[in-house]
Amino acid sequence: MANSNMFVVYTSADGNNVTLSPRTTSSYSAPSPNDAAQVTLLEGSGVSNGVMTANVRCEYYTPSYNPNIH
Amino acid sequence: MDFTSNSGNFIYAYQSSGGPKNDDSTSASIRQHSSEGVFNWEFAAAKGGSSVNPLLNTSPSGTTGGSGATPTNCRQRPSGAAATASGSGSESSAKPSKTASYDDDDWWTGRPTARPTSWPTGAPWDKRQSDDSSLPYCDTLPNNGGANSGVTTISSSEPNTKKHLIAHGVLASLAFVILFPAGSIAIRLASFPSVLWFHALFQIFAYMTYTAAFGLGIWLALPVSGGHYIDSYHAIIGMLVFALIFFQPILGWMHHVLFKKYSHRTLWSYAHIWVGRIAITLGIINGGLGLLLAGNSPDGEIAYGVVAGVMWVTWVAAAIWGEMRRKKAAKLAEQQRPEKLTGERRQSDNSRSDGSDTDLNGHYRPAKEQQA
């Protein structure tokens, strides 16, 4: 998923909320956090019944979206 | 992404094993995804208008908050209906456990029959207003499932792709890093009755191992498994090597028959030897390319590189040593025994136990001492 903007979500330290980590990668390698991304977790996010939910507001994200999936 | 269009395509991916991450850091280390998919999301569901958070819904039947949007984001499950949910909302959220959400089969079969009655009015593309069947059943949604309205799953990979990938890597590595070099070293260095047949059967076994890995690899490379790798270097080299080794049994057999007849290497001998050398080297390199393609962890790549490197060097050393012994033996034989050399007599040679050998084949173990 090179050059794509990823919204990586996993459970927070206490397990009851979610951590949102905007990441990107330029090649076939593991993505790293994208500090340029301006994203906010909104109300309604959390963990409920084993399901993680992240409501995200994204104001700025670079690099630009690349429609190539692979 | 063009936000002026009605909807956009997204891809999702998740790692279903290992349990919750439980980490507050945005730079937590994550493992590669085990499954993935594509979905389409209607932007209307995410448009705020005057609302700061259009995704928030207080109840499953709440409004999406979009201007002019219809209120429902799920539908009641009719009694007796199959557990299907077109555009399953849960597909887009990264759930630790995903087993319940693979309902694509139901989706594909359920959708066409539902559509005609669902569009009495309105445009077909405006699912929020008219295509009720595109909405998930309410009981499949999380508490604030309204956030997932307007989501249509386009494709999703089989959840067991990862297992196929591991099996492919393990089998192919076994073949090229362990089995093929071992069978090659054996014919060079080992000295026991029927070493020729040990070599032949062992390499055929290695080829069968690679055939299994090859089949998995082809499947993984094609869209049928969600892969698009058939034109990658890794896949092309894999197919080339598979074709090359296919001819090794006949090349080896021709070498064997003609060597017995002429007592020296023929074109077939060199073809067999060099096809083998090229194929094993390419195969080992291709393992590394495969790990790169799979986005394997650096640790795994280093481990493969070390083991494969040691095995490759050992194998090359055995080949060089064998060639040198062969040359030395051939020179001795020429000096001391100019008459016609005997051919391969390994199988019937009883003097083997003292370390001597009548073969001057060099491809096989050459003579250490001369025999009259």
# chains A, B, ... in the order shown; residues from 1 in each chain; ligands from 1

$ interface_residues --of "chain A" --to "chain B" --cutoff "6 Å" --atoms "only C-alpha atoms" --output "PyMOL selection string"
chain A and resi 10-13+15+19+21+28-29+33+44+51-52+65

$ residues_around --residues "range 54-58 of chain A" --least-positions-apart "2" --cutoff "7 Å" --atoms "only C-alpha atoms" --output "PDB file with C-alpha atoms, in the first residue's frame"
ATOM      1  CA  VAL A  18      -8.850   3.331  20.547  1.00  0.00           C
ATOM      2  CA  GLN A  38      -3.926  16.425  11.114  1.00  0.00           C
ATOM      3  CA  VAL A  39      -6.473  13.963  12.364  1.00  0.00           C
ATOM      4  CA  THR A  40      -8.767  14.011  15.365  1.00  0.00           C
ATOM      5  CA  LEU A  41     -10.686  11.269  17.084  1.00  0.00           C
ATOM      6  CA  LEU A  42     -14.301  12.311  17.523  1.00  0.00           C
ATOM      7  CA  GLU A  43     -16.972  11.387  19.980  1.00  0.00           C
ATOM      8  CA  GLY A  44     -18.395   7.927  19.463  1.00  0.00           C
ATOM      9  CA  SER A  45     -14.984   6.342  19.180  1.00  0.00           C
ATOM     10  CA  GLY A  46     -14.143   3.529  21.512  1.00  0.00           C
ATOM     11  CA  MET A  52     -13.282  -0.950  17.800  1.00  0.00           C
ATOM     12  CA  TYR A  60      -4.881  17.471   6.259  1.00  0.00           C
TER      13      TYR A  60
ATOM     14  CA  LEU B  55     -20.612  10.207  12.434  1.00  0.00           C
TER      15      LEU B  55
END

$ select_by_dssp --residues "chain A" --states "strand (DSSP E)" --output "ChimeraX atom specification"
/A:6-11,18-24,32-33,38-41,46-48,51-53,56-60

$ residues_around --residues "Tyr270 in chain B" --least-positions-apart "5" --cutoff "10 Å" --atoms "only C-alpha atoms" --output "PyMOL selection string"
chain B and resi 251-252+255+265+275-276+363

$ write_last_selection --atoms "N, CA and C atoms" --output "mmCIF file, in the first residue's frame"
data_model
loop_
_atom_site.group_PDB
_atom_site.id
_atom_site.type_symbol
_atom_site.label_atom_id
_atom_site.label_comp_id
_atom_site.auth_asym_id
_atom_site.auth_seq_id
_atom_site.Cartn_x
_atom_site.Cartn_y
_atom_site.Cartn_z
ATOM 1 N N LEU B 251 17.723 -34.582 -18.180
ATOM 2 C CA LEU B 251 19.116 -34.171 -18.397
ATOM 3 C C LEU B 251 20.064 -35.051 -17.593
ATOM 4 N N GLY B 252 19.693 -35.288 -16.335
ATOM 5 C CA GLY B 252 20.529 -36.125 -15.476
ATOM 6 C C GLY B 252 20.598 -37.557 -15.985
ATOM 7 N N HIS B 255 22.786 -37.690 -19.041
ATOM 8 C CA HIS B 255 24.179 -37.597 -18.586
ATOM 9 C C HIS B 255 24.668 -38.954 -18.096
ATOM 10 N N ARG B 265 32.328 -36.548 -19.522
ATOM 11 C CA ARG B 265 31.150 -35.678 -19.543
ATOM 12 C C ARG B 265 30.748 -35.342 -20.978
ATOM 13 N N VAL B 275 22.242 -26.182 -15.234
ATOM 14 C CA VAL B 275 20.821 -25.878 -14.972
ATOM 15 C C VAL B 275 20.557 -25.973 -13.475
ATOM 16 N N GLY B 276 21.145 -27.004 -12.852
ATOM 17 C CA GLY B 276 20.984 -27.153 -11.404
ATOM 18 C C GLY B 276 21.582 -25.994 -10.645
ATOM 19 N N HIS B 363 31.759 -35.704 -11.490
ATOM 20 C CA HIS B 363 30.429 -35.321 -11.045
ATOM 21 C C HIS B 363 30.083 -36.188 -9.850
#

$ closest_residue --among "B:Gly18, B:Gly322, B:Gly288, B:Pro181" --to "Val306 in chain B" --atoms "only C-alpha atoms"
B:Gly288

$ residues_around --residues "Ala2 in chain A" --least-positions-apart "6" --cutoff "6 Å" --atoms "only C-alpha atoms" --output "VMD selection string"
chain A and resid 25 to 27

$ write_last_selection --atoms "N, CA and C atoms" --output "short mmCIF file (atom, residue, chain, number, x, y, z; two decimals), in the first residue's frame"
data_model
loop_
_atom_site.label_atom_id
_atom_site.label_comp_id
_atom_site.auth_asym_id
_atom_site.auth_seq_id
_atom_site.Cartn_x
_atom_site.Cartn_y
_atom_site.Cartn_z
N THR A 25 3.63 4.96 3.94
CA THR A 25 4.90 4.36 3.55
C THR A 25 5.11 4.63 2.06
N SER A 26 6.38 4.71 1.68
CA SER A 26 6.66 5.00 0.28
C SER A 26 7.03 3.75 -0.50
N SER A 27 7.03 2.62 0.15
CA SER A 27 7.45 1.40 -0.54
C SER A 27 6.75 0.19 0.06
#

$ atom_distance --atom1 "CA of Ala303 in chain B" --atom2 "CA of Val170 in chain B"
12.8 Å
